[in-house]
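Q: Here you go, this is data04.txt (compact mmCIF, C-alpha atoms).
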# COMPACT_ATOMS: atom_id res chain seq x y z
CA MET A 1 -14.28 -10.38 11.62
CA PHE A 2 -14.01 -10.35 7.86
CA LYS A 3 -15.87 -12.68 5.54
CA ILE A 4 -15.17 -14.29 2.18
CA GLY A 5 -15.35 -11.69 -0.58
CA ASP A 6 -14.30 -8.76 1.63
CA LYS A 7 -11.73 -6.38 0.17
CA VAL A 8 -9.01 -5.74 2.72
CA VAL A 9 -5.55 -4.21 3.05
CA TYR A 10 -2.60 -6.07 4.51
CA PRO A 11 0.02 -3.45 5.47
CA MET A 12 3.33 -3.80 3.60
CA HIS A 13 1.68 -6.16 1.06
CA GLY A 14 -1.27 -4.25 -0.36
CA ALA A 15 -4.95 -4.82 -0.96
CA GLY A 16 -6.70 -8.02 -1.87
CA ILE A 17 -9.81 -10.10 -1.47
CA ILE A 18 -10.45 -12.74 1.17
CA GLU A 19 -11.05 -15.92 -0.83
CA ALA A 20 -11.40 -18.43 2.00
CA ILE A 21 -11.18 -19.04 5.71
CA GLU A 22 -9.28 -22.26 6.35
CA GLU A 23 -8.10 -24.19 9.36
CA LYS A 24 -4.53 -25.44 9.05
CA GLU A 25 -2.01 -27.10 11.26
CA ILE A 26 1.32 -25.32 11.06
CA LEU A 27 4.23 -26.20 13.35
CA GLY A 28 1.93 -28.36 15.45
CA ALA A 29 -0.64 -25.62 16.10
CA ARG A 30 -4.11 -25.63 14.56
CA LYS A 31 -5.29 -22.15 13.61
CA LYS A 32 -7.84 -20.49 11.37
CA TYR A 33 -6.47 -18.36 8.56
CA TYR A 34 -7.83 -15.87 6.07
CA VAL A 35 -6.67 -16.79 2.59
CA MET A 36 -6.23 -13.46 0.80
CA LYS A 37 -5.56 -13.09 -2.90
CA ILE A 38 -3.61 -9.99 -3.83
CA PRO A 39 -4.32 -9.34 -7.52
CA ILE A 40 -1.15 -7.35 -8.17
CA GLY A 41 1.65 -9.87 -8.41
CA ASP A 42 -0.95 -12.67 -8.24
CA MET A 43 0.03 -13.49 -4.65
CA LYS A 44 -1.85 -15.45 -1.99
CA VAL A 45 -1.32 -14.70 1.67
CA MET A 46 -2.50 -16.62 4.73
CA ILE A 47 -3.26 -14.44 7.73
CA PRO A 48 -3.90 -16.02 11.15
CA LEU A 49 -7.29 -14.82 12.43
CA ASP A 50 -5.86 -14.29 15.91
CA ASN A 51 -3.22 -11.87 14.53
CA VAL A 52 -5.51 -9.66 12.45
CA GLU A 53 -5.45 -6.68 14.82
CA GLN A 54 -1.68 -6.83 15.42
CA ILE A 55 -1.06 -7.02 11.67
CA GLY A 56 -3.38 -4.07 11.02
CA LEU A 57 -5.63 -5.78 8.47
CA ARG A 58 -8.36 -3.31 7.52
CA GLU A 59 -11.13 -2.74 4.99
CA ILE A 60 -10.26 -0.83 1.83
CA ILE A 61 -11.11 2.87 1.66
CA ASP A 62 -14.24 4.26 -0.01
CA ASP A 63 -14.65 6.64 -2.97
CA ASP A 64 -14.50 9.77 -0.77
CA ASP A 65 -11.14 8.66 0.58
CA VAL A 66 -9.85 8.18 -2.99
CA GLU A 67 -10.30 11.91 -3.55
CA GLN A 68 -8.28 12.58 -0.40
CA VAL A 69 -5.52 10.26 -1.66
CA PHE A 70 -5.46 12.13 -4.97
CA SER A 71 -5.32 15.47 -3.09
CA ILE A 72 -2.30 14.24 -1.14
CA LEU A 73 -0.59 13.16 -4.36
CA LYS A 74 -1.32 16.55 -5.99
CA ALA A 75 -0.14 18.57 -2.96
CA LYS A 76 3.28 20.10 -2.61
CA HIS A 77 5.70 17.61 -1.08
CA SER A 78 6.47 17.94 2.60
CA LYS A 79 9.91 18.69 3.98
CA MET A 80 11.99 15.56 4.36
CA SER A 81 15.20 15.01 6.24
CA THR A 82 18.35 15.48 4.18
CA ASN A 83 19.81 12.53 6.08
CA TRP A 84 19.14 9.45 3.92
CA ASN A 85 18.88 7.10 6.90
CA ARG A 86 16.37 9.27 8.81
CA ARG A 87 14.31 9.83 5.68
CA TYR A 88 14.28 6.10 4.91
CA ARG A 89 13.19 5.19 8.46
CA ALA A 90 10.45 7.85 8.51
CA ASN A 91 9.11 6.64 5.16
CA MET A 92 9.25 2.99 6.26
CA GLU A 93 7.20 3.80 9.38
CA LYS A 94 4.55 5.44 7.19
CA ILE A 95 4.39 2.41 4.89
CA LYS A 96 4.24 -0.04 7.81
CA SER A 97 1.32 1.91 9.31
CA GLY A 98 -0.96 0.55 6.60
CA ASP A 99 -2.57 4.00 6.38
CA ILE A 100 -3.17 4.75 2.70
CA PHE A 101 -2.83 8.49 3.28
CA GLN A 102 0.65 8.03 4.75
CA VAL A 103 1.59 5.67 1.92
CA ALA A 104 0.38 8.33 -0.56
CA GLU A 105 2.66 10.87 1.18
CA VAL A 106 5.63 8.54 0.76
CA VAL A 107 4.83 8.05 -2.95
CA ARG A 108 4.42 11.81 -3.46
CA ASN A 109 7.59 12.79 -1.57
CA LEU A 110 9.76 10.15 -3.23
CA MET A 111 8.42 10.93 -6.70
CA PHE A 112 9.21 14.63 -6.15
CA ARG A 113 12.65 13.75 -4.83
CA ASP A 114 13.25 11.47 -7.84
CA LYS A 115 12.41 14.31 -10.24
CA GLU A 116 14.59 16.80 -8.33
CA LYS A 117 17.65 14.79 -7.30
CA GLY A 118 17.14 11.17 -8.24
CA LEU A 119 16.79 8.30 -5.77
CA SER A 120 19.23 5.84 -4.29
CA THR A 121 18.62 2.16 -4.99
CA GLY A 122 17.04 1.72 -1.54
CA GLU A 123 14.67 4.64 -2.00
CA ARG A 124 13.83 3.53 -5.54
CA LYS A 125 12.78 0.10 -4.17
CA MET A 126 10.80 1.84 -1.43
CA LEU A 127 9.01 4.04 -3.99
CA ASP A 128 8.17 1.01 -6.14
CA SER A 129 6.86 -0.88 -3.12
CA ALA A 130 4.81 2.06 -1.77
CA LYS A 131 3.39 2.70 -5.24
CA GLN A 132 2.34 -0.97 -5.59
CA ILE A 133 0.62 -0.88 -2.19
CA LEU A 134 -1.19 2.32 -3.17
CA ILE A 135 -2.15 1.03 -6.61
CA SER A 136 -3.41 -2.31 -5.24
CA GLU A 137 -5.94 -0.56 -3.01
CA LEU A 138 -7.04 2.01 -5.60
CA VAL A 139 -7.58 -0.75 -8.19
CA LEU A 140 -10.03 -2.52 -5.85
CA VAL A 141 -11.82 0.68 -4.81
CA GLN A 142 -12.23 2.04 -8.33
CA ASP A 143 -12.67 -1.35 -10.01
CA THR A 144 -10.19 -0.49 -12.72
CA SER A 145 -6.85 -1.73 -13.99
CA GLU A 146 -3.39 -1.41 -12.47
CA GLU A 147 -2.28 0.43 -15.63
CA ASP A 148 -5.09 3.02 -15.33
CA ILE A 149 -4.24 3.84 -11.72
CA ASP A 150 -0.50 3.96 -12.47
CA GLU A 151 -1.20 6.40 -15.32
CA ILE A 152 -3.34 8.63 -13.04
CA ILE A 153 -0.59 8.73 -10.40
CA ASN A 154 2.12 9.43 -12.97
CA ARG A 155 0.04 12.29 -14.45
CA PHE A 156 0.22 14.12 -11.10
CA PHE A 157 4.01 14.28 -11.51
CA ALA A 158 4.29 14.74 -15.28
CA ASP A 159 5.03 18.46 -15.17
CA VAL A 160 7.22 18.42 -12.06
CA SER A 161 10.81 19.23 -12.84
Mind turning the file's structure into structure tokens?
A:
Amino acid sequence: MFKIGDKVVYPMHGAGIIEAIEEKEILGARKKYYVMKIPIGDMKVMIPLDNVEQIGLREIIDDDDVEQVFSILKAKHSKMSTNWNRRYRANMEKIKSGDIFQVAEVVRNLMFRDKEKGLSTGERKMLDSAKQILISELVLVQDTSEEDIDEIINRFFADVS
């Protein structure tokens, strides 16, 4: 069980801080909820305590894991399907997993693809979303700004052409 002040990741939404644990009645059912503030986009999310495991809520990574994320971003991109639909589904599964290393792979592969061939509107949205999820967690781990993390990530791809 998490407590107020814990830094956690909500897959598909990003990282934030648990601000409160509240009991609410919604649709006739009384449940306890984590109230999580996601700093990027200034969003608040309520997560039912009894759904935490199904949702995949987890603690943020530590400093050692940040280095692994950066290594993934620096690495050569992995082979992706040439079929847009297959590629999109594979990337979506990685993002939904909530695993920051898989999200980093999606960011890396889509950024490489963008530099090489450009991205469709759907893949551009996916890249933006995956990048926000990645940035939100790195901001909390490194206690720095969204702009600083975005700049670090973009530097990895500056000389890719």
Q: Residues within 10 Å of Gln132 of chain A, please, as a PyMOL selection string. Count all atoms listed in the file; anything in the same chain fewer than 3 positions from it doesn't count.
A: chain A and resi 12-15+40-41+107+126-129+135-138+146+150
Q: Only C-alpha atoms, please: the residues just picked out, written as a compact mmCIF listing (two decimals), keeping the file's coordinate frame.
A:
# COMPACT_ATOMS: atom_id res chain seq x y z
CA MET A 12 3.33 -3.80 3.60
CA HIS A 13 1.68 -6.16 1.06
CA GLY A 14 -1.27 -4.25 -0.36
CA ALA A 15 -4.95 -4.82 -0.96
CA ILE A 40 -1.15 -7.35 -8.17
CA GLY A 41 1.65 -9.87 -8.41
CA VAL A 107 4.83 8.05 -2.95
CA MET A 126 10.80 1.84 -1.43
CA LEU A 127 9.01 4.04 -3.99
CA ASP A 128 8.17 1.01 -6.14
CA SER A 129 6.86 -0.88 -3.12
CA ILE A 135 -2.15 1.03 -6.61
CA SER A 136 -3.41 -2.31 -5.24
CA GLU A 137 -5.94 -0.56 -3.01
CA LEU A 138 -7.04 2.01 -5.60
CA GLU A 146 -3.39 -1.41 -12.47
CA ASP A 150 -0.50 3.96 -12.47
Q: Could you check the closest approach to Asn91 of chain A for each of A:Ile72, A:Leu110, A:Ile47, A:Ile61 and tell me which residue wins, using all atoms listed in the file?
A: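 Going through A:Ile72, A:Leu110, A:Ile47, A:Ile61 one by one, the smallest distance to Asn91 of chain A is for A:Leu110.
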Q: Can you tell me how far atom CA of Leu73 of chain A sits from atom CA of Phe101 of chain A, in Å to one decimal?
A: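 Going from atom CA of Leu73 of chain A over to atom CA of Phe101 of chain A covers 9.2 Å.
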Q: How many Å separate atom CA of Asp65 of chain A from atom CA of Ala104 of chain A?
A: 11.6 Å
Q: Return the single residue from A:Arg155, A:Arg89, A:Arg58, A:Lys96 that is closest to Glu123 of chain A, with distances computed using all atoms listed in the file.
A: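 Distance minimum relative to Glu123 of chain A lands on A:Arg89.
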Q: Nearest to Ile55 of chain A among A:Thr82, A:Pro11, A:Ile21, A:Lys37, with distances taken over all atoms listed in the file: which residue is it?
A: A:Pro11
Q: Quick one, how far is atom CA of Val45 of chain A from atom CA of Ser120 of chain A?
A: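 Separation between atom CA of Val45 of chain A and atom CA of Ser120 of chain A: 29.7 Å.
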